[in-house]
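A.B. asks: Got a file for you: final_29.cif, mmCIF, C-alpha atoms.
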```cif
data_model
#
loop_
_atom_site.label_atom_id
_atom_site.label_comp_id
_atom_site.auth_asym_id
_atom_site.auth_seq_id
_atom_site.Cartn_x
_atom_site.Cartn_y
_atom_site.Cartn_z
CA MET V 75 -12.58 -93.58 16.65
CA ILE V 76 -11.60 -94.44 20.21
CA THR V 77 -11.28 -98.09 21.09
CA THR V 78 -11.49 -98.92 24.79
CA ASN V 79 -9.30 -101.45 26.56
CA ARG V 80 -12.32 -103.69 26.78
CA GLN V 81 -12.73 -103.58 22.99
CA HIS V 82 -9.03 -104.31 22.47
CA GLU V 83 -9.40 -107.34 24.73
CA LYS V 84 -12.48 -108.45 22.83
CA PHE V 85 -10.56 -108.49 19.53
CA MET V 86 -7.60 -110.21 21.15
CA ARG V 87 -9.90 -112.89 22.59
CA MET V 88 -11.22 -113.40 19.07
CA ALA V 89 -7.63 -113.99 17.83
CA ILE V 90 -6.91 -116.38 20.72
CA ARG V 91 -10.13 -118.27 20.09
CA LEU V 92 -9.18 -118.67 16.41
CA ALA V 93 -5.88 -120.19 17.56
CA ASP V 94 -7.59 -122.55 20.01
CA GLN V 95 -10.22 -123.72 17.54
CA ASN V 96 -7.55 -124.23 14.88
CA VAL V 97 -5.63 -126.60 17.11
CA LEU V 98 -8.73 -128.47 18.27
CA ALA V 99 -9.79 -128.95 14.65
CA GLY V 100 -6.29 -130.07 13.61
CA LYS V 101 -6.15 -127.39 10.94
CA GLY V 102 -2.76 -125.85 11.72
CA GLY V 103 -0.55 -124.08 14.26
CA PRO V 104 -1.86 -122.40 17.45
CA PHE V 105 -2.05 -118.91 16.02
CA GLY V 106 -4.89 -116.53 15.15
CA ALA V 107 -5.06 -112.95 13.89
CA VAL V 108 -7.80 -110.34 13.46
CA ILE V 109 -7.58 -107.09 11.45
CA VAL V 110 -9.79 -104.24 12.61
CA LYS V 111 -10.67 -100.88 11.05
CA ASP V 112 -12.74 -98.22 12.84
CA GLY V 113 -13.73 -100.73 15.51
CA LYS V 114 -14.98 -103.33 13.02
CA VAL V 115 -13.44 -106.66 12.02
CA VAL V 116 -12.20 -106.55 8.43
CA ALA V 117 -10.59 -110.00 8.27
CA LYS V 118 -9.48 -112.86 10.49
CA SER V 119 -7.56 -116.07 10.06
CA ALA V 120 -5.83 -118.87 11.87
CA ASN V 121 -2.60 -120.51 10.72
CA THR V 122 -3.20 -122.85 7.78
CA VAL V 123 0.36 -123.85 6.79
CA THR V 124 -0.17 -127.60 6.89
CA THR V 125 -3.73 -127.77 5.58
CA THR V 126 -3.08 -125.46 2.61
CA THR V 127 0.53 -126.68 2.11
CA ASP V 128 1.60 -123.02 2.13
CA PRO V 129 4.51 -122.15 4.46
CA THR V 130 3.53 -118.46 4.21
CA ALA V 131 -0.02 -119.09 5.45
CA HIS V 132 0.60 -117.80 8.96
CA ALA V 133 -2.41 -116.20 10.65
CA GLU V 134 -1.15 -112.62 10.17
CA VAL V 135 -0.14 -113.02 6.50
CA THR V 136 -3.44 -114.70 5.66
CA ALA V 137 -5.48 -112.07 7.53
CA ILE V 138 -3.58 -109.32 5.67
CA ARG V 139 -4.29 -111.00 2.33
CA LEU V 140 -7.98 -111.34 3.17
CA ALA V 141 -8.26 -107.74 4.41
CA CYS V 142 -6.58 -106.43 1.24
CA LYS V 143 -8.92 -108.48 -0.92
CA LYS V 144 -11.94 -107.17 0.98
CA LEU V 145 -10.84 -103.53 0.97
CA LYS V 146 -9.42 -103.79 -2.59
CA THR V 147 -6.11 -102.23 -1.62
CA TYR V 148 -2.52 -103.23 -0.85
CA ASN V 149 -2.32 -100.51 1.81
CA LEU V 150 -4.01 -101.17 5.16
CA SER V 151 -3.30 -97.77 6.74
CA GLY V 152 -6.04 -97.09 9.27
CA CYS V 153 -6.22 -100.77 10.28
CA VAL V 154 -4.67 -102.51 13.30
CA ILE V 155 -3.88 -106.19 13.84
CA TYR V 156 -4.53 -108.36 16.89
CA THR V 157 -2.46 -111.52 16.88
CA SER V 158 -2.37 -114.28 19.48
CA CYS V 159 1.45 -114.34 19.29
CA GLU V 160 4.19 -111.85 18.43
CA PRO V 161 4.65 -111.94 14.64
CA CYS V 162 7.62 -113.85 13.22
CA PRO V 163 9.96 -111.86 10.91
CA MET V 164 7.94 -112.91 7.85
CA CYS V 165 4.69 -111.66 9.38
CA LEU V 166 6.30 -108.56 10.85
CA GLY V 167 7.68 -107.72 7.41
CA ALA V 168 4.24 -108.26 5.89
CA ILE V 169 2.73 -105.92 8.52
CA TYR V 170 5.21 -103.19 7.55
CA TRP V 171 4.57 -103.66 3.83
CA ALA V 172 0.82 -103.51 4.49
CA HIS V 173 1.25 -100.25 6.46
CA LEU V 174 -0.86 -101.39 9.40
CA ASP V 175 -1.06 -98.76 12.18
CA LYS V 176 -0.40 -100.89 15.25
CA ILE V 177 0.19 -104.46 16.41
CA TYR V 178 -1.42 -105.98 19.49
CA TRP V 179 -0.10 -109.36 20.54
CA ALA V 180 -0.54 -111.77 23.42
CA CYS V 181 2.18 -114.47 23.50
CA THR V 182 5.80 -113.71 22.66
CA ARG V 183 8.44 -115.21 20.36
CA LYS V 184 9.88 -116.79 23.54
CA ASP V 185 6.59 -118.63 24.19
CA ALA V 186 6.62 -119.75 20.55
CA ALA V 187 10.21 -121.02 20.84
CA GLU V 188 9.40 -122.92 24.04
CA ASN V 189 6.62 -124.65 22.13
CA GLY V 190 8.84 -125.74 19.25
CA PHE V 191 8.34 -122.92 16.72
CA SER V 192 11.20 -121.30 14.78
CA ASP V 193 10.30 -117.61 15.27
CA GLN V 194 13.19 -116.82 17.64
CA PHE V 195 15.61 -118.84 15.51
CA ILE V 196 14.67 -116.83 12.40
CA TYR V 197 15.01 -113.53 14.33
CA ASP V 198 18.50 -114.67 15.37
CA GLU V 199 19.42 -115.65 11.82
CA ILE V 200 18.34 -112.29 10.37
CA ALA V 201 20.46 -110.46 12.95
CA ARG V 202 23.60 -112.36 11.88
CA PRO V 203 26.00 -111.21 9.14
CA LEU V 204 25.25 -113.03 5.88
CA THR V 205 28.29 -115.31 6.15
CA LYS V 206 27.38 -116.44 9.68
CA ARG V 207 23.88 -117.70 8.89
CA THR V 208 22.98 -121.38 8.69
CA LEU V 209 21.27 -120.78 5.33
CA PRO V 210 23.91 -120.27 2.64
CA VAL V 211 23.66 -117.28 0.33
CA GLN V 212 25.59 -116.40 -2.82
CA GLN V 213 25.58 -113.28 -4.95
CA LEU V 214 25.54 -113.54 -8.76
CA LEU V 215 25.28 -111.07 -11.67
CA HIS V 216 25.04 -107.99 -9.45
CA GLN V 217 25.87 -105.53 -12.24
CA GLU V 218 23.61 -107.17 -14.80
CA ALA V 219 20.64 -106.98 -12.45
CA GLN V 220 20.92 -103.21 -11.98
CA ARG V 221 19.04 -103.04 -15.26
CA SER V 222 15.74 -103.91 -13.53
CA PHE V 223 16.03 -100.89 -11.24
CA LYS V 224 17.05 -98.66 -14.16
CA LEU V 225 13.95 -99.75 -16.07
CA TRP V 226 11.88 -99.06 -12.92
CA GLN V 227 13.24 -95.53 -12.60
CA GLU V 228 12.50 -94.83 -16.25
CA SER V 229 9.02 -96.38 -16.24
CA ASP V 230 5.89 -94.28 -16.64
CA LEU V 231 3.82 -97.25 -15.46
CA LYS V 232 5.35 -97.73 -12.02
CA ILE V 233 3.14 -97.66 -8.92
CA ASP V 234 4.81 -97.28 -5.53
CA TYR V 235 3.66 -99.56 -2.68
CA MET I 127 23.08 -133.14 -8.82
CA ILE I 128 25.87 -130.70 -9.56
CA THR I 129 24.90 -127.32 -10.94
CA THR I 130 27.65 -125.44 -12.76
CA ASN I 131 28.25 -121.70 -12.44
CA ARG I 132 26.88 -121.33 -15.92
CA GLN I 133 23.63 -123.00 -14.87
CA HIS I 134 23.39 -120.80 -11.78
CA GLU I 135 23.78 -117.76 -14.02
CA LYS I 136 21.14 -119.08 -16.38
CA PHE I 137 18.57 -119.31 -13.55
CA MET I 138 19.57 -115.88 -12.20
CA ARG I 139 19.16 -114.37 -15.67
CA MET I 140 15.68 -115.88 -15.73
CA ALA I 141 14.88 -114.11 -12.42
CA ILE I 142 16.30 -110.81 -13.71
CA ARG I 143 14.33 -111.12 -16.95
CA LEU I 144 11.12 -111.68 -14.94
CA ALA I 145 11.88 -108.45 -13.07
CA ASP I 146 12.57 -106.51 -16.28
CA GLN I 147 9.46 -107.78 -18.06
CA ASN I 148 7.35 -107.03 -14.99
CA VAL I 149 8.42 -103.39 -15.03
CA LEU I 150 8.02 -103.02 -18.78
CA ALA I 151 4.49 -104.45 -18.56
CA GLY I 152 3.61 -102.21 -15.58
CA LYS I 153 2.65 -105.26 -13.53
CA GLY I 154 4.59 -104.52 -10.33
CA GLY I 155 7.98 -103.93 -8.72
CA PRO I 156 11.34 -104.75 -10.37
CA PHE I 157 11.80 -108.14 -8.76
CA GLY I 158 11.77 -111.74 -10.01
CA ALA I 159 12.41 -115.12 -8.41
CA VAL I 160 12.90 -118.68 -9.65
CA ILE I 161 12.80 -121.87 -7.55
CA VAL I 162 14.84 -124.80 -8.82
CA LYS I 163 15.01 -128.46 -7.81
CA ASP I 164 17.52 -130.91 -9.25
CA GLY I 165 18.44 -128.44 -11.98
CA LYS I 166 14.84 -127.92 -13.10
CA VAL I 167 12.60 -124.89 -12.63
CA VAL I 168 9.75 -125.67 -10.23
CA ALA I 169 8.17 -122.21 -10.04
CA LYS I 170 8.85 -118.59 -10.93
CA SER I 171 7.21 -115.26 -10.31
CA ALA I 172 7.66 -111.53 -10.49
CA ASN I 173 6.37 -109.05 -7.89
CA THR I 174 2.61 -108.56 -8.20
CA VAL I 175 1.83 -106.39 -5.15
CA THR I 176 -0.01 -103.64 -6.99
CA THR I 177 -1.77 -105.73 -9.64
CA THR I 178 -3.08 -108.31 -7.17
CA THR I 179 -3.54 -105.75 -4.31
CA ASP I 180 -1.57 -108.13 -2.09
CA PRO I 181 1.31 -106.55 -0.13
CA THR I 182 2.73 -110.04 0.48
CA ALA I 183 2.94 -110.83 -3.25
CA HIS I 184 6.68 -110.30 -3.52
CA ALA I 185 8.46 -112.41 -6.12
CA GLU I 186 9.98 -114.81 -3.58
CA VAL I 187 6.80 -115.33 -1.53
CA THR I 188 4.73 -115.93 -4.67
CA ALA I 189 7.31 -118.31 -6.13
CA ILE I 190 7.36 -120.25 -2.83
CA ARG I 191 3.56 -120.52 -2.85
CA LEU I 192 3.55 -121.71 -6.44
CA ALA I 193 6.33 -124.25 -5.81
CA CYS I 194 4.52 -125.62 -2.75
CA LYS I 195 1.29 -125.93 -4.72
CA LYS I 196 3.11 -127.74 -7.53
CA LEU I 197 5.04 -130.11 -5.25
CA LYS I 198 2.08 -130.49 -2.85
CA THR I 199 4.18 -129.73 0.23
CA TYR I 200 4.92 -126.91 2.66
CA ASN I 201 8.55 -128.01 2.85
CA LEU I 202 10.84 -127.09 -0.07
CA SER I 203 13.96 -128.87 1.22
CA GLY I 204 16.02 -129.84 -1.80
CA CYS I 205 15.08 -126.64 -3.65
CA VAL I 206 17.07 -123.42 -4.05
CA ILE I 207 15.85 -119.92 -4.92
CA TYR I 208 17.32 -117.41 -7.36
CA THR I 209 16.08 -113.88 -6.74
CA SER I 210 16.97 -110.71 -8.61
CA CYS I 211 17.38 -108.87 -5.28
CA GLU I 212 18.29 -109.81 -1.71
CA PRO I 213 15.06 -110.88 0.02
CA CYS I 214 13.37 -108.43 2.40
CA PRO I 215 12.72 -109.70 5.96
CA MET I 216 9.26 -110.97 4.96
CA CYS I 217 10.68 -112.99 2.06
CA LEU I 218 13.72 -114.13 4.04
CA GLY I 219 11.37 -115.36 6.77
CA ALA I 220 9.28 -117.18 4.17
CA ILE I 221 12.45 -118.81 2.79
CA TYR I 222 13.35 -120.12 6.26
CA TRP I 223 9.81 -121.40 6.89
CA ALA I 224 9.88 -123.11 3.48
CA HIS I 225 13.21 -124.78 4.32
CA LEU I 226 14.87 -123.85 1.03
CA ASP I 227 18.50 -125.03 0.80
CA LYS I 228 20.20 -121.89 -0.51
CA ILE I 229 19.53 -118.36 -1.72
CA TYR I 230 21.18 -116.83 -4.77
CA TRP I 231 20.63 -113.11 -5.23
CA ALA I 232 21.87 -110.37 -7.55
CA CYS I 233 21.04 -106.87 -6.22
CA THR I 234 21.24 -106.02 -2.53
CA ARG I 235 18.95 -104.36 0.01
CA LYS I 236 21.12 -101.24 -0.48
CA ASP I 237 20.28 -101.17 -4.20
CA ALA I 238 16.60 -101.57 -3.29
CA ALA I 239 16.78 -98.70 -0.76
CA GLU I 240 18.48 -96.45 -3.32
CA ASN I 241 15.56 -97.11 -5.61
CA GLY I 242 12.91 -96.21 -3.07
CA PHE I 243 12.04 -99.62 -1.57
CA SER I 244 11.60 -100.19 2.19
CA ASP I 245 13.68 -103.38 2.58
CA GLN I 246 16.56 -101.74 4.48
CA PHE I 247 14.12 -99.73 6.61
CA ILE I 248 12.31 -102.90 7.66
CA TYR I 249 15.62 -104.66 8.45
CA ASP I 250 16.51 -101.66 10.65
CA GLU I 251 13.12 -101.73 12.38
CA ILE I 252 13.36 -105.45 13.19
CA ALA I 253 16.78 -104.91 14.74
CA ARG I 254 15.44 -102.25 17.14
CA PRO I 255 14.01 -102.99 20.61
CA LEU I 256 10.20 -103.11 20.49
CA THR I 257 9.78 -99.71 22.15
CA LYS I 258 12.12 -97.98 19.67
CA ARG I 259 10.27 -99.00 16.52
CA THR I 260 8.17 -96.57 14.48
CA LEU I 261 5.32 -99.12 14.46
CA PRO I 262 3.67 -99.20 17.90
CA VAL I 263 3.11 -102.54 19.61
CA GLN I 264 1.15 -103.45 22.72
CA GLN I 265 0.84 -106.71 24.61
CA LEU I 266 -2.56 -107.91 25.86
CA LEU I 267 -3.89 -111.05 27.59
CA HIS I 268 -0.53 -112.82 27.71
CA GLN I 269 -1.59 -115.36 30.33
CA GLU I 270 -4.93 -116.10 28.72
CA ALA I 271 -3.26 -116.83 25.36
CA GLN I 272 -0.99 -119.52 26.82
CA ARG I 273 -4.01 -121.79 26.47
CA SER I 274 -3.47 -122.06 22.68
CA PHE I 275 0.03 -123.49 23.19
CA LYS I 276 -1.22 -125.80 25.94
CA LEU I 277 -3.88 -127.17 23.57
CA TRP I 278 -1.17 -127.57 20.91
CA GLN I 279 1.06 -129.57 23.25
CA GLU I 280 -1.84 -131.83 24.19
CA SER I 281 -3.13 -132.29 20.64
CA ASP I 282 -2.93 -135.63 18.85
CA LEU I 283 -3.70 -133.87 15.56
CA LYS I 284 -0.76 -131.48 15.46
CA ILE I 285 1.60 -131.49 12.46
CA ASP I 286 4.95 -129.73 12.80
CA TYR I 287 6.10 -127.48 9.95
#
```
Let me see whether you can do it: turn the structure in this file into structure tokens.
C.D. replies:
Amino acid sequence: MITTNRQHEKFMRMAIRLADQNVLAGKGGPFGAVIVKDGKVVAKSANTVTTTTDPTAHAEVTAIRLACKKLKTYNLSGCVIYTSCEPCPMCLGAIYWAHLDKIYWACTRKDAAENGFSDQFIYDEIARPLTKRTLPVQQLLHQEAQRSFKLWQESDLKIDY
Amino acid sequence: MITTNRQHEKFMRMAIRLADQNVLAGKGGPFGAVIVKDGKVVAKSANTVTTTTDPTAHAEVTAIRLACKKLKTYNLSGCVIYTSCEPCPMCLGAIYWAHLDKIYWACTRKDAAENGFSDQFIYDEIARPLTKRTLPVQQLLHQEAQRSFKLWQESDLKIDY
């Protein structure tokens, strides 16, 4: 399946339009995402953080969830994602876990930062050593928790993802 | 509200037990998370990626969603999270977007990697320059997409998150 530049731009325009319409309707942040397989749209979403009171409801995460529901799988190999802005670390992580083949984006984390969004800040935080982050972390019961992994290794029921 | 070490350990044991029970029941990966506010459990979840066919259904992300639904907000300031393993970049991003006050964890990303999970790999990928990642990225229509942010800046309906 060969997708031409014109087709790529068509899907990206769809993502940008989702972002625009979302803002005009007051439904959430200026972000849209479209997931495509074999040249066909599988799922699309805008950002719905404030209207669904779900901080994880970024356009990419929501589109991934919808695509997985539609295709009845947690593995989106063979699909690509078009997003109106470079994914934040949460969305980028979700894209890796979903095994998408490629990311197309339009705006960058710098554009997002200049418009008041935390994407760049979170990228900076992740890059810092644990003790230098603004969000405090503390480790507890490290040894005790190894049990969960031991049970996993011994399990006949485990399914890798 | 002062939480003693014993209380912290109690909540962490709850997270670890969720992980253990999840594995024993064959319901997903060996991970559990508990969100607490003012010394009381607000929400808890194990990893349900494979049983819900949702690659974003890690314990932390699902617990955040449940807590937000329960408290009817996308902002969990005043809450802390106990997770049986250091959050992956997706979950760490979600924790920042949810504005949780502190993270307590037991196992580390190294433990997760040793047990076959991609957390460390994704941390490594995020740290690489875009062109050095295994997942290809491509930018399209950068100028055209600025419109979404312009609409956002001009909008009277926008709600920050």
A.B. asks: Which residues, named as in the file, does the PyMOL selection byres ((chain I and resi 137-154) around 8) pick out? Answer as number ranges by chain.
C.D. replies: V: 214-215, 219, 221-222, 225-226, 229, 231-233; I: 133-136, 155-160, 170-177, 208-210, 230-232
A.B. asks: Would you mind aligning chain I to chain V, a least-squares fit over all C-alpha atoms taken in order, and returning the superposed chain as a tab-separated table (two decimals) with C-alpha atoms, in the frame of the given file?
C.D. replies:
```tsv
chain	number	residue	atom	x	y	z
I	127	MET	CA	-12.59	-93.59	16.64
I	128	ILE	CA	-11.60	-94.43	20.19
I	129	THR	CA	-11.28	-98.08	21.09
I	130	THR	CA	-11.49	-98.89	24.79
I	131	ASN	CA	-9.29	-101.44	26.55
I	132	ARG	CA	-12.31	-103.67	26.77
I	133	GLN	CA	-12.73	-103.56	23.00
I	134	HIS	CA	-9.04	-104.29	22.47
I	135	GLU	CA	-9.41	-107.33	24.72
I	136	LYS	CA	-12.49	-108.43	22.83
I	137	PHE	CA	-10.58	-108.48	19.52
I	138	MET	CA	-7.58	-110.22	21.13
I	139	ARG	CA	-9.89	-112.87	22.59
I	140	MET	CA	-11.22	-113.40	19.07
I	141	ALA	CA	-7.64	-113.99	17.83
I	142	ILE	CA	-6.91	-116.38	20.72
I	143	ARG	CA	-10.14	-118.28	20.09
I	144	LEU	CA	-9.19	-118.68	16.40
I	145	ALA	CA	-5.89	-120.18	17.55
I	146	ASP	CA	-7.59	-122.55	20.01
I	147	GLN	CA	-10.22	-123.71	17.53
I	148	ASN	CA	-7.54	-124.23	14.87
I	149	VAL	CA	-5.63	-126.60	17.13
I	150	LEU	CA	-8.73	-128.45	18.28
I	151	ALA	CA	-9.79	-128.97	14.65
I	152	GLY	CA	-6.27	-130.09	13.63
I	153	LYS	CA	-6.15	-127.40	10.95
I	154	GLY	CA	-2.75	-125.87	11.73
I	155	GLY	CA	-0.55	-124.09	14.27
I	156	PRO	CA	-1.84	-122.40	17.45
I	157	PHE	CA	-2.05	-118.90	16.03
I	158	GLY	CA	-4.89	-116.52	15.15
I	159	ALA	CA	-5.07	-112.94	13.89
I	160	VAL	CA	-7.80	-110.33	13.47
I	161	ILE	CA	-7.58	-107.09	11.46
I	162	VAL	CA	-9.79	-104.23	12.60
I	163	LYS	CA	-10.69	-100.88	11.05
I	164	ASP	CA	-12.73	-98.23	12.84
I	165	GLY	CA	-13.72	-100.73	15.52
I	166	LYS	CA	-14.99	-103.31	13.02
I	167	VAL	CA	-13.45	-106.64	12.03
I	168	VAL	CA	-12.21	-106.55	8.43
I	169	ALA	CA	-10.60	-109.99	8.26
I	170	LYS	CA	-9.49	-112.85	10.49
I	171	SER	CA	-7.58	-116.07	10.07
I	172	ALA	CA	-5.84	-118.87	11.87
I	173	ASN	CA	-2.59	-120.52	10.72
I	174	THR	CA	-3.20	-122.86	7.79
I	175	VAL	CA	0.36	-123.86	6.80
I	176	THR	CA	-0.16	-127.60	6.89
I	177	THR	CA	-3.73	-127.77	5.58
I	178	THR	CA	-3.08	-125.47	2.62
I	179	THR	CA	0.56	-126.69	2.12
I	180	ASP	CA	1.60	-123.03	2.14
I	181	PRO	CA	4.50	-122.16	4.48
I	182	THR	CA	3.54	-118.47	4.20
I	183	ALA	CA	-0.02	-119.10	5.45
I	184	HIS	CA	0.59	-117.79	8.95
I	185	ALA	CA	-2.39	-116.19	10.65
I	186	GLU	CA	-1.15	-112.62	10.16
I	187	VAL	CA	-0.14	-113.02	6.50
I	188	THR	CA	-3.45	-114.70	5.65
I	189	ALA	CA	-5.47	-112.08	7.53
I	190	ILE	CA	-3.58	-109.32	5.67
I	191	ARG	CA	-4.32	-110.97	2.32
I	192	LEU	CA	-7.98	-111.34	3.18
I	193	ALA	CA	-8.26	-107.74	4.41
I	194	CYS	CA	-6.58	-106.42	1.25
I	195	LYS	CA	-8.93	-108.48	-0.92
I	196	LYS	CA	-11.94	-107.17	1.00
I	197	LEU	CA	-10.84	-103.52	0.97
I	198	LYS	CA	-9.43	-103.79	-2.58
I	199	THR	CA	-6.09	-102.25	-1.62
I	200	TYR	CA	-2.51	-103.24	-0.84
I	201	ASN	CA	-2.32	-100.52	1.81
I	202	LEU	CA	-4.02	-101.19	5.17
I	203	SER	CA	-3.30	-97.78	6.73
I	204	GLY	CA	-6.05	-97.11	9.24
I	205	CYS	CA	-6.21	-100.77	10.27
I	206	VAL	CA	-4.67	-102.50	13.29
I	207	ILE	CA	-3.89	-106.19	13.83
I	208	TYR	CA	-4.53	-108.34	16.89
I	209	THR	CA	-2.46	-111.52	16.88
I	210	SER	CA	-2.38	-114.28	19.48
I	211	CYS	CA	1.44	-114.33	19.29
I	212	GLU	CA	4.19	-111.84	18.43
I	213	PRO	CA	4.65	-111.94	14.65
I	214	CYS	CA	7.63	-113.85	13.22
I	215	PRO	CA	9.96	-111.86	10.91
I	216	MET	CA	7.94	-112.91	7.85
I	217	CYS	CA	4.68	-111.67	9.38
I	218	LEU	CA	6.30	-108.56	10.86
I	219	GLY	CA	7.67	-107.74	7.40
I	220	ALA	CA	4.23	-108.27	5.89
I	221	ILE	CA	2.74	-105.93	8.52
I	222	TYR	CA	5.21	-103.19	7.56
I	223	TRP	CA	4.58	-103.67	3.83
I	224	ALA	CA	0.82	-103.52	4.50
I	225	HIS	CA	1.24	-100.27	6.45
I	226	LEU	CA	-0.86	-101.39	9.40
I	227	ASP	CA	-1.08	-98.76	12.17
I	228	LYS	CA	-0.40	-100.89	15.25
I	229	ILE	CA	0.19	-104.46	16.39
I	230	TYR	CA	-1.42	-105.97	19.47
I	231	TRP	CA	-0.08	-109.36	20.52
I	232	ALA	CA	-0.54	-111.77	23.42
I	233	CYS	CA	2.19	-114.46	23.50
I	234	THR	CA	5.80	-113.70	22.64
I	235	ARG	CA	8.44	-115.21	20.36
I	236	LYS	CA	9.88	-116.80	23.53
I	237	ASP	CA	6.59	-118.62	24.19
I	238	ALA	CA	6.60	-119.77	20.55
I	239	ALA	CA	10.21	-121.04	20.83
I	240	GLU	CA	9.38	-122.92	24.04
I	241	ASN	CA	6.64	-124.66	22.12
I	242	GLY	CA	8.84	-125.75	19.25
I	243	PHE	CA	8.33	-122.92	16.72
I	244	SER	CA	11.21	-121.32	14.78
I	245	ASP	CA	10.30	-117.63	15.26
I	246	GLN	CA	13.18	-116.83	17.64
I	247	PHE	CA	15.61	-118.84	15.50
I	248	ILE	CA	14.68	-116.83	12.42
I	249	TYR	CA	15.01	-113.53	14.33
I	250	ASP	CA	18.51	-114.67	15.39
I	251	GLU	CA	19.43	-115.65	11.82
I	252	ILE	CA	18.34	-112.29	10.38
I	253	ALA	CA	20.47	-110.48	12.95
I	254	ARG	CA	23.62	-112.37	11.90
I	255	PRO	CA	26.01	-111.22	9.15
I	256	LEU	CA	25.26	-113.03	5.88
I	257	THR	CA	28.28	-115.33	6.15
I	258	LYS	CA	27.37	-116.46	9.69
I	259	ARG	CA	23.88	-117.70	8.87
I	260	THR	CA	22.99	-121.40	8.69
I	261	LEU	CA	21.28	-120.78	5.33
I	262	PRO	CA	23.94	-120.27	2.63
I	263	VAL	CA	23.68	-117.28	0.32
I	264	GLN	CA	25.60	-116.38	-2.82
I	265	GLN	CA	25.58	-113.26	-4.96
I	266	LEU	CA	25.54	-113.52	-8.77
I	267	LEU	CA	25.28	-111.06	-11.68
I	268	HIS	CA	25.04	-107.96	-9.48
I	269	GLN	CA	25.88	-105.52	-12.26
I	270	GLU	CA	23.61	-107.15	-14.81
I	271	ALA	CA	20.63	-106.98	-12.43
I	272	GLN	CA	20.92	-103.20	-11.99
I	273	ARG	CA	19.04	-103.01	-15.28
I	274	SER	CA	15.74	-103.91	-13.54
I	275	PHE	CA	16.02	-100.88	-11.24
I	276	LYS	CA	17.05	-98.66	-14.15
I	277	LEU	CA	13.94	-99.74	-16.07
I	278	TRP	CA	11.88	-99.06	-12.92
I	279	GLN	CA	13.26	-95.53	-12.59
I	280	GLU	CA	12.51	-94.82	-16.24
I	281	SER	CA	9.03	-96.38	-16.22
I	282	ASP	CA	5.89	-94.28	-16.62
I	283	LEU	CA	3.81	-97.25	-15.44
I	284	LYS	CA	5.35	-97.74	-12.02
I	285	ILE	CA	3.14	-97.67	-8.91
I	286	ASP	CA	4.81	-97.30	-5.52
I	287	TYR	CA	3.65	-99.56	-2.68
```
A.B. asks: Which residue, V:Asp175, V:Glu134, V:Asp198, V:Asp112, has the smallest gap to chain I when you use all atoms listed in the file?
C.D. replies: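 Under the stated criterion, the closest residue is V:Asp175.
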A.B. asks: Once the PyMOL selection byres ((chain V and resi 117) around 6) has been applied to the shown file, what residues remain in the selection, as a list in words?
C.D. replies: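 That selection, the PyMOL selection byres ((chain V and resi 117) around 6), comes back as Val108, Ile109, Val115, Val116, Lys118, Ala137, Leu140 and Ala141 of chain V.
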A.B. asks: Using all atoms listed in the file, which of I:Thr257, I:Gln269, I:Thr179, I:Gln279 sits nearest chain V?
C.D. replies: I:Thr179
A.B. asks: Please, what distance in Å, to one decimal, runs between CA of Ala224 (chain I) and CA of Thr130 (chain V)?
C.D. replies: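 Computing it gives 7.9 Å between the two atoms.
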A.B. asks: Restricting the calculation to all atoms listed in the file: of V:Thr208, V:Tyr197, V:Arg80, V:Cys159, which residue gets closest to Gln272 (chain I)?
C.D. replies: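 For Gln272 (chain I), the nearest of the candidates is V:Cys159.
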A.B. asks: Rank nothing, just name the residue among I:Ile248, I:Ala220, I:Ser203, I:Lys163 nearest to Ala131 (chain V), using only C-alpha atoms.
C.D. replies: I:Ala220
A.B. asks: Take CA of Tyr170 (chain V) and CA of Ile200 (chain V) and report the distance between them in Å, one decimal.
C.D. replies: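 Rounded to one decimal, the two atoms are 16.2 Å apart.
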A.B. asks: Work out how far apart CA of Met216 (chain I) and CA of Gly152 (chain V) are and give it in Å to one decimal.
C.D. replies: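 Here the two named atoms are 21.1 Å from each other.
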